>>> print(open('model.txt').read())   # compact mmCIF, C-alpha atoms and all ligand atoms
# COMPACT_ATOMS: atom_id res chain seq x y z
CA MET X 1 -1.47 -6.54 -25.57
CA ASN X 2 -0.37 -7.31 -29.14
CA LYS X 3 1.30 -10.53 -27.97
CA GLU X 4 4.71 -9.34 -29.14
CA GLN X 5 6.17 -11.21 -26.18
CA LEU X 6 5.27 -14.48 -27.93
CA LYS X 7 7.50 -13.75 -30.93
CA PRO X 8 10.27 -16.36 -31.34
CA GLU X 9 13.02 -13.78 -30.77
CA PHE X 10 11.51 -12.84 -27.41
CA VAL X 11 10.86 -16.43 -26.32
CA ALA X 12 14.45 -17.22 -27.28
CA ILE X 13 15.71 -14.89 -24.56
CA ASN X 14 12.95 -15.56 -22.01
CA PRO X 15 11.13 -18.90 -22.40
CA GLN X 16 8.48 -17.67 -19.95
CA HIS X 17 7.83 -14.66 -22.28
CA THR X 18 7.11 -12.27 -19.42
CA VAL X 19 7.49 -8.51 -19.39
CA PRO X 20 9.71 -7.00 -18.11
CA THR X 21 12.79 -8.78 -19.39
CA LEU X 22 16.16 -7.04 -19.09
CA VAL X 23 19.20 -7.66 -21.27
CA ASP X 24 22.35 -6.10 -19.81
CA GLY X 25 25.46 -7.31 -21.59
CA ASP X 26 25.59 -11.07 -21.14
CA LEU X 27 22.91 -11.02 -18.44
CA VAL X 28 19.30 -11.82 -19.35
CA LEU X 29 16.97 -11.32 -16.40
CA TRP X 30 13.23 -11.49 -15.82
CA GLU X 31 11.12 -11.12 -12.66
CA SER X 32 10.68 -7.41 -12.00
CA ARG X 33 11.80 -7.49 -8.37
CA ALA X 34 15.05 -9.27 -9.30
CA ILE X 35 15.54 -6.66 -12.04
CA CYS X 36 15.08 -3.84 -9.49
CA THR X 37 17.57 -5.27 -7.00
CA TYR X 38 20.06 -5.99 -9.80
CA LEU X 39 19.84 -2.46 -11.22
CA ALA X 40 20.19 -0.89 -7.76
CA THR X 41 23.18 -3.11 -6.92
CA GLN X 42 24.92 -2.77 -10.27
CA TYR X 43 24.24 0.90 -11.03
CA GLY X 44 23.19 2.59 -7.77
CA LYS X 45 25.55 5.40 -6.78
CA ASP X 46 25.48 4.01 -3.23
CA ASP X 47 23.57 1.28 -1.41
CA THR X 48 20.60 3.34 -0.23
CA LEU X 49 18.13 1.83 -2.71
CA TYR X 50 19.10 -1.74 -1.83
CA PRO X 51 21.06 -1.72 1.45
CA LYS X 52 24.11 -3.95 1.95
CA GLU X 53 23.68 -4.08 5.74
CA PRO X 54 21.97 -7.47 6.36
CA LYS X 55 19.17 -6.33 8.69
CA ALA X 56 18.26 -3.32 6.57
CA ARG X 57 18.34 -5.51 3.44
CA ALA X 58 16.15 -8.13 5.14
CA LYS X 59 13.45 -5.50 5.73
CA VAL X 60 13.50 -4.58 2.04
CA ASP X 61 13.51 -8.24 0.95
CA ALA X 62 10.55 -9.03 3.21
CA LEU X 63 8.50 -6.33 1.48
CA LEU X 64 9.51 -7.57 -1.98
CA HIS X 65 8.33 -11.06 -1.01
CA PHE X 66 5.13 -9.68 0.54
CA ASP X 67 4.53 -7.73 -2.66
CA ILE X 68 4.68 -10.76 -4.96
CA GLY X 69 3.58 -13.49 -2.56
CA THR X 70 0.64 -11.76 -0.91
CA LEU X 71 -0.32 -8.44 -2.48
CA ALA X 72 0.03 -9.32 -6.18
CA THR X 73 -1.24 -12.86 -5.62
CA ARG X 74 -4.40 -11.56 -3.95
CA TRP X 75 -4.85 -8.93 -6.64
CA ASN X 76 -4.62 -11.65 -9.29
CA GLN X 77 -7.41 -13.53 -7.52
CA VAL X 78 -9.54 -10.36 -7.76
CA TRP X 79 -8.75 -9.48 -11.34
CA HIS X 80 -7.85 -12.60 -13.32
CA PRO X 81 -11.29 -14.28 -13.24
CA VAL X 82 -12.76 -11.05 -14.68
CA LYS X 83 -9.95 -10.63 -17.20
CA LEU X 84 -10.40 -14.23 -18.37
CA GLY X 85 -14.21 -13.87 -18.58
CA GLU X 86 -14.84 -16.44 -15.83
CA LEU X 87 -16.66 -13.89 -13.64
CA SER X 88 -18.47 -10.65 -14.54
CA LYS X 89 -17.08 -8.89 -11.44
CA PRO X 90 -14.58 -9.78 -8.73
CA SER X 91 -15.83 -12.11 -6.02
CA GLN X 92 -16.45 -10.48 -2.63
CA ALA X 93 -14.24 -13.11 -0.97
CA SER X 94 -11.28 -12.16 -3.17
CA VAL X 95 -11.85 -8.43 -2.53
CA ASP X 96 -11.95 -9.08 1.24
CA LYS X 97 -8.65 -10.97 1.06
CA LEU X 98 -7.06 -8.10 -0.84
CA HIS X 99 -8.29 -5.63 1.77
CA GLU X 100 -6.80 -7.87 4.45
CA ALA X 101 -3.43 -7.49 2.70
CA PHE X 102 -3.90 -3.69 2.52
CA GLY X 103 -4.56 -3.74 6.28
CA TRP X 104 -1.30 -5.62 6.90
CA LEU X 105 0.67 -3.23 4.70
CA ASN X 106 -0.89 -0.31 6.56
CA GLU X 107 0.30 -1.88 9.84
CA PHE X 108 3.82 -2.49 8.46
CA MET X 109 3.99 1.23 7.69
CA LYS X 110 3.14 2.47 11.16
CA HIS X 111 6.87 2.82 12.00
CA GLY X 112 6.58 6.59 11.56
CA LYS X 113 9.30 6.69 8.90
CA LYS X 114 8.67 8.09 5.45
CA PHE X 115 9.24 4.95 3.41
CA ALA X 116 8.05 1.36 3.47
CA ALA X 117 11.11 -0.43 4.83
CA GLY X 118 11.30 1.95 7.81
CA THR X 119 13.71 4.42 6.23
CA ASP X 120 13.58 8.12 5.47
CA HIS X 121 14.93 7.46 1.97
CA LEU X 122 13.51 5.46 -0.94
CA THR X 123 14.41 1.81 -1.38
CA VAL X 124 13.52 -0.65 -4.12
CA ALA X 125 10.67 -1.84 -1.87
CA ASP X 126 8.94 1.51 -2.43
CA HIS X 127 9.40 1.34 -6.20
CA VAL X 128 7.99 -2.18 -6.34
CA LEU X 129 5.06 -1.53 -3.97
CA VAL X 130 4.08 1.76 -5.56
CA ALA X 131 3.66 0.09 -8.97
CA ASN X 132 1.04 -2.21 -7.49
CA ILE X 133 -0.70 0.16 -5.06
CA SER X 134 -1.04 2.87 -7.73
CA SER X 135 -2.56 0.33 -10.13
CA TYR X 136 -5.08 -0.87 -7.57
CA GLN X 137 -6.05 2.71 -6.73
CA ALA X 138 -6.48 3.53 -10.43
CA ALA X 139 -8.66 0.42 -10.76
CA GLY X 140 -11.02 1.85 -8.14
CA PHE X 141 -9.75 0.66 -4.78
CA ILE X 142 -9.99 3.38 -2.13
CA PHE X 143 -7.25 3.67 0.50
CA GLN X 144 -8.93 6.06 2.93
CA ASP X 145 -9.11 3.32 5.59
CA TYR X 146 -5.37 2.86 5.29
CA PRO X 147 -3.89 6.23 6.29
CA ASN X 148 -0.28 5.00 6.53
CA ILE X 149 -0.49 3.69 2.96
CA LEU X 150 -1.94 7.01 1.76
CA THR X 151 0.78 9.07 3.49
CA TRP X 152 3.49 6.78 2.11
CA PHE X 153 1.98 6.87 -1.39
CA ASN X 154 2.07 10.68 -1.37
CA SER X 155 5.71 10.62 -0.20
CA CYS X 156 6.58 8.27 -3.07
CA LYS X 157 4.89 10.51 -5.64
CA GLU X 158 6.77 13.54 -4.29
CA SER X 159 10.15 11.78 -4.03
CA MET X 160 10.34 9.60 -7.15
CA ASP X 161 11.83 11.48 -10.08
CA GLY X 162 9.47 11.37 -13.07
CA TYR X 163 6.79 9.49 -11.11
CA GLU X 164 3.86 10.56 -13.27
CA GLU X 165 5.47 9.78 -16.60
CA LEU X 166 7.18 6.57 -15.49
CA ASN X 167 4.42 5.07 -13.36
CA GLY X 168 1.33 7.24 -12.94
CA GLU X 169 0.32 7.26 -16.60
CA GLY X 170 0.64 3.49 -16.97
CA ALA X 171 -1.26 2.88 -13.74
CA SER X 172 -4.10 5.12 -14.98
CA GLN X 173 -4.27 3.25 -18.30
CA PHE X 174 -4.34 -0.07 -16.49
CA GLY X 175 -7.04 1.17 -14.09
CA GLU X 176 -9.21 2.38 -16.98
CA TYR X 177 -8.83 -1.01 -18.67
CA VAL X 178 -9.90 -2.87 -15.51
CA LYS X 179 -12.87 -0.55 -14.94
CA SER X 180 -14.00 -0.76 -18.58
CA LYS X 181 -13.85 -4.56 -18.52
CA ILE X 182 -16.05 -4.69 -15.40
CA ALA X 183 -18.45 -2.07 -16.87
CA ASP X 184 -18.70 -4.02 -20.18
CA ASN X 185 -19.75 -7.09 -18.24
CA LYS X 186 -22.67 -5.20 -16.67
CA GLU X 187 -24.19 -4.28 -20.03
N1 LIG G 1 6.38 -12.00 -11.51
C1 LIG G 1 6.64 -11.45 -12.82
C2 LIG G 1 5.34 -11.32 -13.56
C3 LIG G 1 5.56 -10.99 -15.00
C4 LIG G 1 4.29 -11.07 -15.80
O1 LIG G 1 3.50 -12.01 -15.65
N2 LIG G 1 4.09 -10.08 -16.67
C5 LIG G 1 2.90 -10.06 -17.49
C6 LIG G 1 2.49 -8.63 -17.71
S1 LIG G 1 2.08 -7.86 -16.20
C7 LIG G 1 3.26 -10.67 -18.84
O2 LIG G 1 4.37 -10.57 -19.26
N3 LIG G 1 2.28 -11.28 -19.49
C8 LIG G 1 2.44 -11.78 -20.81
C9 LIG G 1 2.71 -13.26 -20.89
O3 LIG G 1 2.82 -13.94 -19.83
O4 LIG G 1 2.82 -13.77 -22.02
C10 LIG G 1 7.32 -10.08 -12.70
O5 LIG G 1 7.10 -9.39 -11.70
O6 LIG G 1 8.09 -9.71 -13.58
>>> encode(input="model.txt", output="structure tokens")
Amino acid sequence: MNKEQLKPEFVAINPQHTVPTLVDGDLVLWESRAICTYLATQYGKDDTLYPKEPKARAKVDALLHFDIGTLATRWNQVWHPVKLGELSKPSQASVDKLHEAFGWLNEFMKHGKKFAAGTDHLTVADHVLVANISSYQAAGFIFQDYPNILTWFNSCKESMDGYEELNGEGASQFGEYVKSKIADNKE
């Protein structure tokens, strides 16, 4: 928020000046999903977080692509016009499209397994998706029409070490910021 990412020393390592950016030895990496798969591959004690088996990995990759290509893209269409002051509140059409994506995610999760990629253990797909879903919930979106998402979200919160400190608190701050921006526009 203080635009520290625009400082020359940051732009020198990542010309796109996006957060997060990881420096690990001689590797400089941005794009959060690539960072997650790198960390799991390089430092995971086994391959459960990011499976080596091609079909299991493909299920995880599909969710990572859905997360950035559909879920986050549709969220941006809801939020960015408000953030940039172009609209006072999100357009109904953009909200409907986001709900359509929630409906798809809810369907993907009807496999009866605990976690998103159809496993009973966490994968990077859960870590990536939970960052977005928790933010949208904190910003006021209700998931009661999406029971598979709600059940999965609870499993993530129970299973991810340090969930509240590492994700919940930030999601709440983000949600409050979104809600305050929309409320300010009403006054
Ligand atoms: N697809 C990228 C998005 C990164 C991104 O746009 N991050 C925002 C914060 S959520 C940012 O760094 N904004 C500051 C800027 O672009 O200068 C990722 O997942 O890492």
>>> axis_aligned_box(input="model.txt", around="ligand LIG 1 (chain G)", padding_each_side="4 Å", output="JSON")
{"center_x": 5.1, "center_y": -10.9, "center_z": -16.8, "size_x": 14.0, "size_y": 14.1, "size_z": 18.5}
>>> residues_near_ligand(input="model.txt", ligand="ligand LIG 1 (chain G)", cutoff="9 Å", atoms="only C-alpha atoms and all ligand atoms", output="ChimeraX atom specification")
/X:1,3-6,16-21,30-35,68,72
>>> closest_residue(input="model.txt", among="X:Asn148, X:Gln137, X:Thr73, X:Thr48", to="X:Phe108", atoms="all atoms listed in the file")
X:Asn148
>>> closest_residue(input="model.txt", among="X:Cys156, X:Tyr136, X:Lys89, X:Leu27", to="X:Asn14", atoms="all atoms listed in the file")
X:Leu27
>>> residues_around(input="model.txt", residues="X:Ala56", least_positions_apart="4", cutoff="10 Å", atoms="all atoms listed in the file", output="ChimeraX atom specification")
/X:48,50-52,60-61,117-119
>>> closest_residue(input="model.txt", among="X:Ala116, X:Ala62, X:Leu71, X:Val11", to="X:Ile149", atoms="all atoms listed in the file")
X:Ala116
>>> atom_distance(input="model.txt", atom1="atom CA of X:Ile133", atom2="atom CA of X:Ala101")
11.2 Å
